[in-house]
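Input: a single structure, listed below in structure tokens.
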Amino acid sequence: MHANNEIGNLLDIKKVSALCKEYNALFHSDTVQTMGHYPHDLTDLKIDFITAAGHKFHGPKGVGFIYINSNNKIKPLIYGGAQERNMRGGTENVYGIVGIAKALEIAYRDMHMHQTYIQSLKDYMN
């Protein structure tokens with residue numbers, strides 16, 4: 001869990017990923033609370049899996065995603081669905097995919113403005 005939704009502490013993903021690499025462990029981070037609010041540079045992070053939910057950054061409810069580093073080869077639980085790299089059967093939710101992509105694009109575009117606003121609230125409360 002990158003950020004705890006109750007007390008707000010942040011996990012240092014870079015340090016954890018380094019530890020995981022050192023001990024040859026796979027690393028998955030639940031970024032539901034931070035995706036769209038903090039930058040996640042997957043070219044810099046040495047991480048195996050990241051999950052996120054669109055509604056946390058004003059995307060459609062019920063739509064999320066998983067990032068799987070291309071170095072990881074996992075087997076599907078349900079076979080089928082060439083459109084999903086043979087990882088799952090079923091019809092893609094095109095509207096949901098477009099909606100979450102646009103919401104994430106907007107969240108990254110406006111991230112600095114939102115962070116500045118939140119910091120001003122914190123400063124005001126102190």
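Numbering starts fresh at 1 for the residues of each chain in the structure tokens, the chains themselves are lettered A, B, ... in the order given, and ligands are numbered from 1 as they appear.
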Exercise: stretch 99-107 of chain A partners within 12 Å, only C-alpha atoms, chain neighbours under 3 positions left out, as a PyMOL selection string: chain A and resi 34-40+52-65+93-96+110-115
Residues within 7 Å of A:Asp30, only C-alpha atoms, excluding chain neighbours under 6 positions, as an MDAnalysis selection string: chainID A and resid 1:2 50:52
Test item, alpha helix (DSSP H) assignment across stretch 11-120 of chain A, answer as a PyMOL selection string: chain A and resi 13-22+94-120
Test item: residues at most 10 Å from A:Cys20, only C-alpha atoms, excluding those fewer than 5 positions along its chain, as a list in words: Lys14, Lys15, Ala25, Leu26, Phe27, His28, Lys46, Ile47 and Asp48 of chain A
Length of the atom CA of A:Arg109 to atom CA of A:Leu42 vector [Å]: 17.0 Å
Pairwise distance for atom CA of A:Phe49 and atom CA of A:Leu10, rounded to one decimal in Å: 17.4 Å
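The two atoms in question, atom CA of A:Asp41 and atom CA of A:Leu77, are spaced 28.6 Å apart.
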From A:Asn24, A:Thr116, A:Pro76, A:Asn126, residue lying nearest A:Arg88 [only C-alpha atoms]: A:Pro76
DSSP-assigned strand (DSSP E) members of stretch 16-97 of chain A, reported as a list of chain:residue names: A:His28, A:Ser29, A:Asp30, A:Phe49, A:Ile50, A:Thr51, A:Ala52, A:Ala53, A:Gly64, A:Phe65, A:Ile66, A:Tyr67, A:Ile68
